[in-house]
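Listing of data_7.cif; format and content: mmCIF, C-alpha atoms and all ligand atoms.
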```
data_model
loop_
_atom_site.label_atom_id
_atom_site.label_comp_id
_atom_site.auth_asym_id
_atom_site.auth_seq_id
_atom_site.Cartn_x
_atom_site.Cartn_y
_atom_site.Cartn_z
CA MET R 1 2.87 -31.98 18.09
CA ASN R 2 5.47 -30.15 20.13
CA ASN R 3 5.85 -32.00 23.42
CA GLU R 4 8.73 -30.10 24.90
CA TYR R 5 6.91 -27.89 27.36
CA SER R 6 7.59 -24.19 27.80
CA ASN R 7 5.52 -21.45 29.36
CA GLU R 8 7.28 -18.77 27.36
CA LEU R 9 5.00 -16.13 25.87
CA LEU R 10 4.99 -15.98 22.05
CA PRO R 11 6.81 -12.92 20.70
CA PRO R 12 4.20 -10.90 18.76
CA PRO R 13 5.01 -10.61 15.03
CA SER R 14 5.10 -7.13 13.56
CA GLY R 15 4.87 -5.61 10.10
CA LEU R 16 2.55 -6.81 7.35
CA PHE R 17 -0.34 -9.14 8.13
CA LEU R 18 0.96 -11.78 5.77
CA ILE R 19 0.18 -15.42 6.55
CA PRO R 20 3.33 -17.48 5.89
CA ASP R 21 3.40 -20.88 4.24
CA LEU R 22 3.55 -23.74 6.72
CA ILE R 23 7.14 -24.22 7.80
CA PRO R 24 7.33 -28.02 8.09
CA VAL R 25 8.87 -28.52 11.54
CA PRO R 26 7.69 -32.11 12.25
CA SER R 27 7.76 -31.79 16.04
CA HIS R 28 5.52 -28.71 15.85
CA ALA R 29 3.15 -29.76 13.06
CA VAL R 30 -0.54 -29.78 14.03
CA TYR R 31 -3.74 -30.03 12.05
CA LEU R 32 -5.67 -27.17 13.66
CA SER R 33 -4.48 -23.87 15.12
CA LEU R 34 -7.36 -22.17 16.92
CA VAL R 35 -6.78 -18.53 17.82
CA ILE R 36 -8.65 -17.02 20.77
CA PRO R 37 -8.47 -13.21 20.82
CA THR R 38 -8.90 -11.92 24.37
CA TYR R 39 -9.34 -8.61 26.08
CA ASN R 40 -10.30 -8.69 29.77
CA GLU R 41 -11.44 -12.30 29.67
CA GLY R 42 -9.80 -13.15 32.99
CA LYS R 43 -13.02 -14.66 34.30
CA ASN R 44 -13.57 -16.77 31.18
CA ILE R 45 -10.11 -17.89 30.15
CA ASN R 46 -9.85 -20.89 32.49
CA LYS R 47 -13.16 -22.31 31.35
CA ILE R 48 -12.72 -21.63 27.62
CA ILE R 49 -9.31 -23.38 27.54
CA ARG R 50 -10.71 -26.36 29.44
CA VAL R 51 -13.85 -26.71 27.34
CA LEU R 52 -12.02 -26.25 24.01
CA SER R 53 -9.42 -28.85 25.06
CA ASP R 54 -12.12 -31.33 26.07
CA VAL R 55 -13.94 -30.91 22.74
CA LEU R 56 -10.82 -31.14 20.56
CA ASP R 57 -9.21 -33.97 22.56
CA GLU R 58 -12.19 -36.06 21.47
CA VAL R 59 -11.44 -35.80 17.75
CA ILE R 60 -7.88 -34.58 17.15
CA PRO R 61 -5.94 -35.33 20.35
CA GLU R 62 -2.31 -34.06 20.23
CA ASN R 63 -3.02 -32.58 16.82
CA TYR R 64 -4.16 -29.05 17.58
CA GLU R 65 -2.95 -25.94 19.35
CA LEU R 66 -4.83 -23.14 21.10
CA ILE R 67 -3.27 -19.70 20.67
CA VAL R 68 -4.48 -17.02 23.05
CA VAL R 69 -3.67 -13.55 21.71
CA ASP R 70 -4.22 -11.03 24.47
CA ASP R 71 -3.83 -7.28 24.14
CA ASN R 72 -2.23 -6.61 27.48
CA SER R 73 -5.57 -6.87 29.30
CA PRO R 74 -5.81 -4.84 32.49
CA ASP R 75 -7.22 -7.98 34.16
CA ARG R 76 -4.03 -9.81 33.08
CA THR R 77 -5.84 -12.46 31.02
CA TRP R 78 -2.50 -13.25 29.37
CA GLN R 79 -0.95 -14.09 32.75
CA ILE R 80 -3.80 -16.41 33.75
CA ALA R 81 -3.55 -18.11 30.35
CA GLN R 82 0.20 -18.43 30.81
CA SER R 83 -0.31 -20.10 34.20
CA LEU R 84 -2.46 -22.74 32.48
CA MET R 85 0.29 -23.79 30.08
CA PRO R 86 1.77 -26.54 32.29
CA GLN R 87 -1.65 -28.19 32.33
CA TYR R 88 -2.27 -27.75 28.58
CA PRO R 89 0.91 -28.39 26.50
CA HIS R 90 -1.04 -27.46 23.32
CA LEU R 91 -1.72 -23.96 24.70
CA ARG R 92 0.36 -21.01 23.43
CA VAL R 93 -0.03 -17.44 24.66
CA MET R 94 0.85 -14.09 23.05
CA ARG R 95 0.77 -10.78 24.92
CA ARG R 96 0.58 -7.81 22.55
CA ARG R 97 1.52 -4.44 23.94
CA ASN R 98 1.81 -2.33 20.81
CA GLU R 99 -1.28 -3.39 18.87
CA ARG R 100 -4.97 -3.59 19.72
CA GLY R 101 -7.96 -5.10 17.98
CA LEU R 102 -9.79 -8.36 17.53
CA SER R 103 -9.02 -8.85 13.82
CA THR R 104 -5.32 -8.10 14.06
CA ALA R 105 -5.08 -10.32 17.14
CA VAL R 106 -6.43 -13.24 15.12
CA LEU R 107 -4.01 -12.53 12.29
CA ARG R 108 -0.99 -12.28 14.58
CA GLY R 109 -2.03 -15.62 16.06
CA TRP R 110 -2.28 -17.18 12.61
CA GLN R 111 1.15 -15.81 11.71
CA VAL R 112 2.77 -17.90 14.47
CA ALA R 113 0.44 -20.90 13.98
CA ASN R 114 1.71 -24.38 13.01
CA GLY R 115 -1.61 -25.71 11.74
CA GLN R 116 -2.81 -26.57 8.25
CA ILE R 117 -6.23 -25.28 9.34
CA LEU R 118 -6.52 -21.87 10.99
CA GLY R 119 -9.50 -21.02 13.17
CA ALA R 120 -10.89 -18.18 15.27
CA ILE R 121 -13.25 -18.32 18.24
CA ASP R 122 -14.20 -15.76 20.84
CA GLY R 123 -12.78 -16.18 24.31
CA ASP R 124 -16.03 -15.47 26.16
CA LEU R 125 -17.91 -18.73 25.52
CA GLN R 126 -20.51 -17.01 23.35
CA HIS R 127 -19.41 -19.26 20.48
CA PRO R 128 -20.44 -22.81 21.50
CA PRO R 129 -17.21 -24.93 21.40
CA GLU R 130 -18.99 -28.09 20.25
CA ILE R 131 -19.64 -26.42 16.88
CA LEU R 132 -15.89 -26.86 16.25
CA LEU R 133 -16.57 -30.52 15.50
CA LYS R 134 -19.02 -29.60 12.73
CA LEU R 135 -16.60 -27.03 11.32
CA LEU R 136 -13.86 -29.69 11.24
CA VAL R 137 -16.16 -32.10 9.41
CA ALA R 138 -16.95 -29.39 6.83
CA ILE R 139 -13.24 -28.71 6.30
CA ASP R 140 -12.51 -32.45 6.02
CA ARG R 141 -15.17 -32.65 3.33
CA GLY R 142 -13.19 -30.16 1.26
CA ALA R 143 -14.38 -26.70 2.25
CA ASP R 144 -11.73 -23.97 2.10
CA LEU R 145 -13.75 -22.01 4.64
CA ALA R 146 -16.21 -23.29 7.25
CA VAL R 147 -18.25 -20.58 8.99
CA ALA R 148 -20.39 -20.84 12.11
CA SER R 149 -23.46 -18.85 11.15
CA ARG R 150 -26.31 -17.40 13.19
CA HIS R 151 -28.44 -17.06 10.10
CA VAL R 152 -28.84 -20.62 8.82
CA GLU R 153 -30.83 -23.59 10.08
CA GLN R 154 -30.11 -24.22 13.79
CA GLY R 155 -28.63 -20.74 13.95
CA GLY R 156 -29.71 -17.75 16.03
CA VAL R 157 -28.84 -15.27 18.68
CA SER R 158 -29.90 -15.71 22.31
CA ASP R 159 -31.89 -12.77 23.54
CA TRP R 160 -30.32 -9.87 21.72
CA ASN R 161 -32.44 -6.75 22.04
CA LEU R 162 -34.01 -5.22 18.94
CA LEU R 163 -31.33 -2.51 18.77
CA ARG R 164 -28.44 -5.03 18.66
CA ARG R 165 -30.26 -7.18 16.12
CA SER R 166 -31.03 -4.21 13.86
CA LEU R 167 -27.46 -2.84 14.16
CA SER R 168 -26.01 -6.22 13.22
CA ARG R 169 -28.43 -6.74 10.32
CA GLY R 170 -28.07 -3.10 9.21
CA ALA R 171 -24.30 -3.44 9.15
CA GLN R 172 -24.65 -6.60 7.12
CA LEU R 173 -27.00 -4.91 4.64
CA LEU R 174 -24.55 -2.06 4.14
CA GLY R 175 -21.86 -4.60 3.44
CA LEU R 176 -24.09 -6.29 0.89
CA VAL R 177 -24.59 -2.99 -0.92
CA LEU R 178 -20.91 -2.04 -0.96
CA LEU R 179 -19.36 -5.48 -1.41
CA PRO R 180 -22.04 -7.78 -2.85
CA GLY R 181 -19.43 -10.18 -4.21
CA ILE R 182 -18.08 -10.71 -0.70
CA PHE R 183 -21.10 -10.40 1.58
CA GLY R 184 -23.25 -12.38 -0.81
CA ARG R 185 -21.08 -15.48 -0.33
CA VAL R 186 -22.05 -16.22 3.29
CA SER R 187 -25.14 -15.76 5.42
CA ASP R 188 -23.22 -14.37 8.42
CA PRO R 189 -20.24 -12.30 7.18
CA MET R 190 -20.05 -10.73 10.66
CA SER R 191 -19.21 -14.06 12.24
CA GLY R 192 -16.05 -14.24 14.28
CA TYR R 193 -16.24 -18.03 14.49
CA PHE R 194 -14.82 -19.98 11.56
CA MET R 195 -12.01 -22.12 10.17
CA VAL R 196 -10.06 -21.55 6.98
CA ARG R 197 -7.60 -23.75 5.11
CA ARG R 198 -4.17 -22.18 5.55
CA ASN R 199 -3.21 -22.45 1.90
CA ALA R 200 -6.31 -20.44 1.00
CA ILE R 201 -4.80 -17.37 2.65
CA THR R 202 -1.04 -17.85 2.54
CA GLY R 203 0.71 -15.10 0.62
CA CYS R 204 -2.29 -12.75 1.06
CA THR R 205 -1.55 -9.52 2.89
CA MET R 206 -4.51 -8.79 5.10
CA ASN R 207 -5.40 -5.27 6.08
CA PRO R 208 -8.32 -5.44 8.54
CA LEU R 209 -9.92 -2.80 10.71
CA GLY R 210 -11.92 -3.54 13.87
CA TYR R 211 -13.82 -6.71 14.48
CA LYS R 212 -14.68 -8.27 11.14
CA ILE R 213 -11.88 -10.63 10.31
CA LEU R 214 -14.08 -12.87 8.18
CA ILE R 215 -14.77 -10.26 5.50
CA GLU R 216 -11.03 -9.72 5.22
CA VAL R 217 -10.49 -13.46 4.67
CA LEU R 218 -13.34 -13.59 2.14
CA SER R 219 -12.00 -10.54 0.31
CA ARG R 220 -8.34 -11.39 0.09
CA GLY R 221 -8.22 -15.17 0.36
CA LYS R 222 -8.37 -17.74 -2.45
CA ILE R 223 -11.66 -19.18 -1.23
CA SER R 224 -13.72 -21.37 -3.52
CA GLN R 225 -15.60 -23.90 -1.31
CA ILE R 226 -17.52 -22.40 1.61
CA ALA R 227 -19.52 -24.38 4.18
CA GLU R 228 -21.82 -22.96 6.89
CA VAL R 229 -22.84 -24.49 10.19
CA GLY R 230 -25.73 -23.09 12.25
CA TYR R 231 -25.05 -22.05 15.81
CA VAL R 232 -26.81 -20.02 18.49
CA PHE R 233 -24.80 -17.07 19.73
CA GLN R 234 -24.83 -17.51 23.52
CA GLU R 235 -25.36 -14.99 26.28
CA ARG R 236 -22.16 -13.77 27.88
CA GLN R 237 -21.72 -15.23 31.41
CA GLU R 238 -18.76 -13.15 32.58
CA GLY R 239 -17.29 -9.80 31.57
CA ASN R 240 -18.80 -7.60 28.86
CA SER R 241 -18.72 -7.01 25.14
CA LYS R 242 -16.02 -4.63 23.94
CA VAL R 243 -18.11 -3.49 21.00
CA SER R 244 -18.37 0.30 20.97
CA TRP R 245 -19.42 2.97 18.46
CA LYS R 246 -15.73 3.07 17.41
CA HIS R 247 -16.08 -0.46 16.04
CA TYR R 248 -18.93 0.68 13.82
CA ILE R 249 -16.77 3.53 12.49
CA ASP R 250 -13.94 1.03 11.93
CA TYR R 251 -16.38 -1.24 10.16
CA LEU R 252 -17.38 1.54 7.76
CA GLY R 253 -13.73 2.35 7.14
CA HIS R 254 -13.04 -1.31 6.52
CA LEU R 255 -15.84 -1.56 3.94
CA LEU R 256 -14.66 1.56 2.11
CA ARG R 257 -11.05 0.41 2.11
CA LEU R 258 -12.07 -2.95 0.70
CA ARG R 259 -14.31 -1.26 -1.84
CA LEU R 260 -11.41 0.84 -3.06
CA SER R 261 -8.86 -1.95 -3.07
CA LEU R 262 -11.05 -4.68 -4.53
CA GLY R 263 -12.75 -4.89 -7.86
CA GLN R 264 -11.85 -2.66 -10.72
CA PHE R 265 -13.20 0.64 -9.34
CA GLY R 266 -10.32 0.97 -6.87
CA ARG R 267 -7.94 -0.21 -9.51
CA LEU R 268 -9.22 2.34 -12.04
CA ILE R 269 -8.66 5.09 -9.47
CA ARG R 270 -5.08 3.97 -9.00
CA PHE R 271 -4.58 3.55 -12.76
CA GLY R 272 -5.92 7.08 -13.17
CA PHE R 273 -3.50 8.48 -10.60
CA VAL R 274 -0.61 6.73 -12.34
CA GLY R 275 -1.84 8.07 -15.68
CA LEU R 276 -2.02 11.56 -14.15
CA GLY R 277 1.57 11.28 -13.04
CA GLY R 278 2.40 10.09 -16.53
CA VAL R 279 0.73 13.20 -17.96
CA PHE R 280 3.17 15.40 -16.09
CA VAL R 281 6.08 13.26 -17.27
CA ASP R 282 4.71 13.39 -20.83
CA MET R 283 4.19 17.16 -20.69
CA ALA R 284 7.55 17.87 -19.11
CA VAL R 285 9.45 15.78 -21.66
CA LEU R 286 7.34 17.22 -24.52
CA TYR R 287 8.18 20.72 -23.31
CA LEU R 288 11.89 19.87 -22.94
CA LEU R 289 12.05 18.40 -26.45
CA HIS R 290 9.69 20.59 -28.45
CA ASP R 291 9.55 24.06 -26.96
CA THR R 292 11.40 26.83 -28.76
CA SER R 293 13.23 27.71 -25.54
CA THR R 294 14.65 24.17 -25.26
CA LEU R 295 15.53 21.56 -27.93
CA SER R 296 12.82 22.64 -30.48
CA LEU R 297 12.46 19.14 -31.94
CA GLY R 298 9.46 18.46 -34.23
CA LEU R 299 6.08 18.04 -32.47
CA THR R 300 5.41 14.41 -33.47
CA ARG R 301 8.95 13.22 -32.75
CA SER R 302 8.92 15.01 -29.40
CA LYS R 303 5.51 13.58 -28.63
CA ILE R 304 6.58 10.00 -29.38
CA LEU R 305 9.71 10.28 -27.20
CA ALA R 306 7.77 12.00 -24.41
CA ALA R 307 5.09 9.33 -24.54
CA GLU R 308 7.62 6.47 -24.36
CA VAL R 309 9.23 7.94 -21.26
CA ALA R 310 5.78 8.33 -19.72
CA ILE R 311 4.86 4.74 -20.69
CA ILE R 312 7.86 3.28 -18.87
CA ASN R 313 7.14 5.48 -15.86
CA ASN R 314 3.52 4.32 -15.83
CA PHE R 315 4.42 0.66 -16.24
CA ILE R 316 6.62 0.72 -13.17
CA TRP R 317 3.88 2.33 -11.07
CA ASN R 318 1.11 0.06 -12.42
CA ASP R 319 3.13 -3.08 -11.97
CA THR R 320 4.11 -2.31 -8.39
CA TRP R 321 0.91 -0.60 -7.23
CA THR R 322 -2.21 -0.71 -9.41
CA PHE R 323 -1.96 -4.35 -10.36
CA SER R 324 0.39 -5.51 -7.58
CA ASP R 325 -2.01 -8.29 -6.56
CA VAL R 326 -1.76 -9.77 -10.04
CA SER R 327 1.93 -9.06 -10.73
CA SER R 328 2.94 -10.55 -7.34
CA GLN R 329 1.43 -13.85 -8.53
CA GLN R 330 3.40 -13.58 -11.78
CA SER R 331 6.84 -12.62 -10.45
CA GLY R 332 10.19 -13.03 -12.21
CA TRP R 333 11.94 -10.76 -14.68
CA ASN R 334 10.79 -12.78 -17.66
CA GLN R 335 7.13 -12.34 -16.72
CA ARG R 336 7.72 -8.70 -15.86
CA PHE R 337 9.39 -8.06 -19.23
CA LYS R 338 6.44 -9.71 -21.00
CA ARG R 339 4.07 -7.44 -19.13
CA LEU R 340 6.17 -4.40 -20.07
CA LEU R 341 6.07 -5.43 -23.74
CA LYS R 342 2.27 -5.92 -23.63
CA PHE R 343 1.83 -2.67 -21.74
CA ASN R 344 4.02 -0.91 -24.26
CA LEU R 345 2.08 -2.40 -27.15
CA VAL R 346 -1.25 -1.35 -25.66
CA CYS R 347 0.11 2.09 -24.93
CA LEU R 348 1.68 2.42 -28.39
CA MET R 349 -1.69 1.58 -29.88
CA GLY R 350 -3.04 4.13 -27.44
CA LEU R 351 -0.30 6.55 -28.55
CA ILE R 352 -1.31 6.23 -32.18
CA LEU R 353 -4.87 6.91 -31.09
CA ASN R 354 -3.56 9.77 -28.98
CA VAL R 355 -1.54 11.34 -31.83
CA LEU R 356 -4.48 10.96 -34.22
CA LEU R 357 -6.81 12.49 -31.65
CA LEU R 358 -4.28 15.25 -30.84
CA ASN R 359 -3.93 16.18 -34.49
CA LEU R 360 -7.68 15.93 -35.04
CA LEU R 361 -8.42 18.21 -32.08
CA PHE R 362 -5.48 20.57 -32.82
CA ASN R 363 -5.43 20.78 -36.65
CA ILE R 364 -9.08 20.12 -37.49
CA ILE R 365 -11.01 21.35 -34.47
CA GLY R 366 -8.41 24.04 -33.66
CA LEU R 367 -7.96 23.49 -29.90
CA HIS R 368 -4.76 24.69 -28.17
CA TYR R 369 -2.22 21.88 -28.52
CA LEU R 370 -1.89 21.32 -24.74
CA LEU R 371 -5.66 21.17 -24.23
CA ALA R 372 -5.98 18.86 -27.23
CA ASN R 373 -3.23 16.70 -25.73
CA LEU R 374 -5.03 16.54 -22.39
CA ILE R 375 -8.35 15.43 -23.89
CA ALA R 376 -6.57 12.87 -26.01
CA ILE R 377 -4.71 11.52 -22.97
CA VAL R 378 -7.88 11.11 -20.83
CA SER R 379 -9.77 9.28 -23.60
CA VAL R 380 -6.85 6.99 -24.28
CA THR R 381 -6.33 6.34 -20.55
CA LEU R 382 -9.75 4.66 -20.28
CA TRP R 383 -8.97 2.63 -23.39
CA ASN R 384 -5.57 1.62 -21.93
CA PHE R 385 -7.06 0.62 -18.58
CA TRP R 386 -9.57 -1.72 -20.08
CA ILE R 387 -7.18 -3.37 -22.53
CA ASN R 388 -4.38 -3.72 -19.92
CA LEU R 389 -6.80 -5.33 -17.52
CA LYS R 390 -7.67 -7.89 -20.15
CA LEU R 391 -4.17 -8.36 -21.57
CA SER R 392 -1.14 -7.20 -19.57
CA TRP R 393 -2.31 -7.92 -16.03
CA ARG R 394 -4.81 -10.67 -16.66
CA ALA R 395 -5.20 -12.72 -13.48
CA THR R 396 -4.45 -16.20 -14.78
N1 LIG S 1 -6.90 -9.38 21.52
C1 LIG S 1 -8.06 -8.70 21.50
N2 LIG S 1 -8.02 -7.34 21.29
N3 LIG S 1 -9.24 -9.37 21.71
C2 LIG S 1 -10.38 -8.63 21.68
C3 LIG S 1 -10.41 -7.24 21.47
C4 LIG S 1 -9.16 -6.58 21.27
O1 LIG S 1 -9.08 -5.38 21.05
N4 LIG S 1 -11.72 -6.83 21.51
C5 LIG S 1 -12.46 -7.93 21.76
N5 LIG S 1 -11.66 -9.00 21.86
C6 LIG S 1 -12.06 -10.38 22.12
C7 LIG S 1 -12.94 -10.52 23.32
O2 LIG S 1 -12.15 -10.73 24.46
C8 LIG S 1 -13.74 -11.77 22.95
O3 LIG S 1 -12.99 -12.92 23.22
C9 LIG S 1 -13.89 -11.64 21.45
O4 LIG S 1 -12.82 -10.80 21.01
C10 LIG S 1 -15.22 -11.00 21.04
O5 LIG S 1 -15.30 -9.75 21.66
P1 LIG S 1 -16.71 -9.21 22.20
O6 LIG S 1 -16.50 -7.82 22.64
O7 LIG S 1 -17.29 -10.19 23.16
O8 LIG S 1 -17.56 -9.21 20.84
P2 LIG S 1 -19.13 -9.52 20.68
O9 LIG S 1 -19.51 -10.71 21.50
O10 LIG S 1 -19.89 -8.27 20.88
O11 LIG S 1 -19.21 -9.94 19.11
C11 LIG S 1 -18.52 -11.11 18.73
O12 LIG S 1 -19.37 -12.03 18.09
C12 LIG S 1 -19.97 -11.56 16.89
C13 LIG S 1 -20.76 -12.69 16.25
O13 LIG S 1 -19.87 -13.75 15.94
C14 LIG S 1 -17.40 -10.69 17.81
O14 LIG S 1 -16.66 -11.85 17.41
C15 LIG S 1 -17.97 -10.09 16.54
O15 LIG S 1 -16.92 -9.84 15.60
C16 LIG S 1 -18.93 -11.07 15.91
O16 LIG S 1 -19.58 -10.46 14.82
MN MN S 2 -18.73 -11.66 23.04
#
```

Using the file provided, produce a representation of the structure as structure tokens.
Ligand code: GDD
Ligand code: MN
Amino acid sequence: MNNEYSNELLPPPSGLFLIPDLIPVPSHAVYLSLVIPTYNEGKNINKIIRVLSDVLDEVIPENYELIVVDDNSPDRTWQIAQSLMPQYPHLRVMRRRNERGLSTAVLRGWQVANGQILGAIDGDLQHPPEILLKLLVAIDRGADLAVASRHVEQGGVSDWNLLRRSLSRGAQLLGLVLLPGIFGRVSDPMSGYFMVRRNAITGCTMNPLGYKILIEVLSRGKISQIAEVGYVFQERQEGNSKVSWKHYIDYLGHLLRLRLSLGQFGRLIRFGFVGLGGVFVDMAVLYLLHDTSTLSLGLTRSKILAAEVAIINNFIWNDTWTFSDVSSQQSGWNQRFKRLLKFNLVCLMGLILNVLLLNLLFNIIGLHYLLANLIAIVSVTLWNFWINLKLSWRAT
């Protein structure tokens, strides 16, 4: 635990939302880093820091840090938090001026955190601080992720009106439809109150939108054990909720972005785009080699050369874009070369299929050779995608 006191503000990180591995600096090491995103919480910040410190001093004294990430609040929440630092040596404060948003605030806080366990809690006392103790117990028992949930035993919301309840439940239902594999894993995917083991999300580049940081963690983290703890979402005492219609639009955008980037549908789209680019490369090289106005090489020889150039082009795009989440886990030239060989093999098998299909469609069925080539390429692309997924970029 870092005892040298400073009331310097934390410089906000920029760039990708990538959670770094823990940099072992003994004097700064803590068990828990709890991020509190704030916007206009000037009337709450004193109390939340005091109550959180009282609760955590009971169980992990000197072994936690509170990180307030404020987005340049007009009520100068960041300044009030900063003035509390002499009293709370475990308190760190970040003032962001160029970014806004609850989710990204939590991520920026985690990027500068020293804890093995990363947590998030609202700064308006609607998340009961004593639940932290139950979340810590769940993590100690081996959970990668411990979520405070309103929808399990001992959970609930205070007196939310019907509209707010239906909006929250409706949003959750939509998430279940679009991302069943993610939303189906927890009872309250909208929760903003949870703890996650750092090594479950290190190396994952997050890309959130709006308020729902938990679905981002569930989607991109390496989460196997999940625990849930019931809590009752409290009534706000001071200030007001920042939720607006824009957050619902962001939420929809977030779901669609996750839908496209997760699972194989998004990947197939990307693979298709790469294949499309490869078609142009294939066609251009075929034209350059075979056409009477250029080199006039034989059709099959031209086709094989054109296809090989397109294969290498496609491998580079697939390795760095379509399957980047897999290839980044299998880095190194040796691994990359193996993937290129497998990709080449799959594509060569696909090429044989392609040439057979091209000749079948051109010589037997009598289609124009370019149209025949196009149909052959599309059919073989689907074949290639499936086999590559199973062979070349198999997530080990
Ligand atoms: N840094 C930063 N930037 N903090 C923000 C921003 C922002 O743009 N918007 C809101 N916050 C902070 C608020 O100051 C508060 O501490 C916390 O994020 C939650 O914001 P509220 O506006 O109070 O959200 P809510 O109470 O309607 O909903 C909360 O609870 C739900 C149930 O857990 C949010 O956490 C929801 O995401 C969550 O689903
Ligand atoms: Mn709130």

Practice item. Compile the contact shell of range 208-225 of chain R as a PyMOL selection string: residues with an atom at most 6 Å away, counting all atoms listed in the file, same-chain residues fewer than 3 positions apart removed. Key: chain R and resi 101-103+143-144+190+200-201+247+250+254

Surrounding residues of Leu286 in chain R excluding itself and chain neighbours under 3 positions, 12 Å, only C-alpha atoms, as an mmCIF file with C-alpha atoms, in the coordinates of the input:
```cif
data_model
loop_
_atom_site.group_PDB
_atom_site.id
_atom_site.type_symbol
_atom_site.label_atom_id
_atom_site.label_comp_id
_atom_site.auth_asym_id
_atom_site.auth_seq_id
_atom_site.Cartn_x
_atom_site.Cartn_y
_atom_site.Cartn_z
ATOM 1 C CA GLY R 278 2.400 10.090 -16.530
ATOM 2 C CA VAL R 279 0.730 13.200 -17.960
ATOM 3 C CA PHE R 280 3.170 15.400 -16.090
ATOM 4 C CA VAL R 281 6.080 13.260 -17.270
ATOM 5 C CA ASP R 282 4.710 13.390 -20.830
ATOM 6 C CA MET R 283 4.190 17.160 -20.690
ATOM 7 C CA LEU R 289 12.050 18.400 -26.450
ATOM 8 C CA HIS R 290 9.690 20.590 -28.450
ATOM 9 C CA ASP R 291 9.550 24.060 -26.960
ATOM 10 C CA THR R 292 11.400 26.830 -28.760
ATOM 11 C CA THR R 294 14.650 24.170 -25.260
ATOM 12 C CA LEU R 295 15.530 21.560 -27.930
ATOM 13 C CA SER R 296 12.820 22.640 -30.480
ATOM 14 C CA LEU R 297 12.460 19.140 -31.940
ATOM 15 C CA GLY R 298 9.460 18.460 -34.230
ATOM 16 C CA LEU R 299 6.080 18.040 -32.470
ATOM 17 C CA THR R 300 5.410 14.410 -33.470
ATOM 18 C CA ARG R 301 8.950 13.220 -32.750
ATOM 19 C CA SER R 302 8.920 15.010 -29.400
ATOM 20 C CA LYS R 303 5.510 13.580 -28.630
ATOM 21 C CA ILE R 304 6.580 10.000 -29.380
ATOM 22 C CA LEU R 305 9.710 10.280 -27.200
ATOM 23 C CA ALA R 306 7.770 12.000 -24.410
ATOM 24 C CA ALA R 307 5.090 9.330 -24.540
ATOM 25 C CA GLU R 308 7.620 6.470 -24.360
ATOM 26 C CA VAL R 309 9.230 7.940 -21.260
ATOM 27 C CA ALA R 310 5.780 8.330 -19.720
ATOM 28 C CA TYR R 369 -2.220 21.880 -28.520
ATOM 29 C CA LEU R 370 -1.890 21.320 -24.740
ATOM 30 C CA ASN R 373 -3.230 16.700 -25.730
#
```

**Study point:** Pairwise distance for CA of Leu260 in chain R and atom N5 of ligand LIG 1 (chain S), rounded to one decimal in Å
**Key:**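 For CA of Leu260 in chain R relative to atom N5 of ligand LIG 1 (chain S), the distance reads 26.8 Å.
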
Point to revise | Atom-to-atom span, CA of Leu118 in chain R and CA of Tyr31 in chain R, Å | key: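 So the answer is 8.7 Å.
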
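Here CA of Ile49 in chain R stands at a distance of 15.6 Å from CA of Arg76 in chain R.
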
Check your understanding: Of the candidates R:Gly181, R:Pro37, R:Pro128, R:Gly266, which one gets nearest to ligand LIG 1 (chain S) if we count all atoms listed in the file?
Key ->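 Smallest separation from ligand LIG 1 (chain S) among the options: R:Pro37.
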
Point to revise | Proximity to ligand LIG 1 (chain S) - best of R:Met85, R:Leu22, R:Ile48, R:Ala284, only C-alpha atoms and all ligand atoms | key: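 Nearest to ligand LIG 1 (chain S): R:Ile48.
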
How would range 256-262 of chain R look with N, CA, C and O atoms restored, written as an mmCIF file, keeping the file's coordinate frame?
```cif
data_model
loop_
_atom_site.group_PDB
_atom_site.id
_atom_site.type_symbol
_atom_site.label_atom_id
_atom_site.label_comp_id
_atom_site.auth_asym_id
_atom_site.auth_seq_id
_atom_site.Cartn_x
_atom_site.Cartn_y
_atom_site.Cartn_z
ATOM 1 N N LEU R 256 -15.096 0.618 3.157
ATOM 2 C CA LEU R 256 -14.660 1.560 2.110
ATOM 3 C C LEU R 256 -13.272 1.185 1.600
ATOM 4 O O LEU R 256 -12.980 1.203 0.413
ATOM 5 N N ARG R 257 -12.418 0.787 2.526
ATOM 6 C CA ARG R 257 -11.050 0.410 2.110
ATOM 7 C C ARG R 257 -11.101 -0.804 1.180
ATOM 8 O O ARG R 257 -10.441 -0.853 0.146
ATOM 9 N N LEU R 258 -11.956 -1.757 1.546
ATOM 10 C CA LEU R 258 -12.070 -2.950 0.700
ATOM 11 C C LEU R 258 -12.669 -2.585 -0.659
ATOM 12 O O LEU R 258 -12.223 -3.036 -1.699
ATOM 13 N N ARG R 259 -13.658 -1.670 -0.598
ATOM 14 C CA ARG R 259 -14.310 -1.260 -1.840
ATOM 15 C C ARG R 259 -13.280 -0.680 -2.798
ATOM 16 O O ARG R 259 -13.233 -0.974 -3.961
ATOM 17 N N LEU R 260 -12.407 0.168 -2.223
ATOM 18 C CA LEU R 260 -11.410 0.840 -3.060
ATOM 19 C C LEU R 260 -10.341 -0.136 -3.534
ATOM 20 O O LEU R 260 -9.855 -0.054 -4.645
ATOM 21 N N SER R 261 -10.013 -1.112 -2.669
ATOM 22 C CA SER R 261 -8.860 -1.950 -3.070
ATOM 23 C C SER R 261 -9.307 -3.164 -3.882
ATOM 24 O O SER R 261 -8.525 -3.764 -4.583
ATOM 25 N N LEU R 262 -10.621 -3.494 -3.766
ATOM 26 C CA LEU R 262 -11.050 -4.680 -4.530
ATOM 27 C C LEU R 262 -11.736 -4.266 -5.811
ATOM 28 O O LEU R 262 -12.061 -3.123 -6.006
#
```
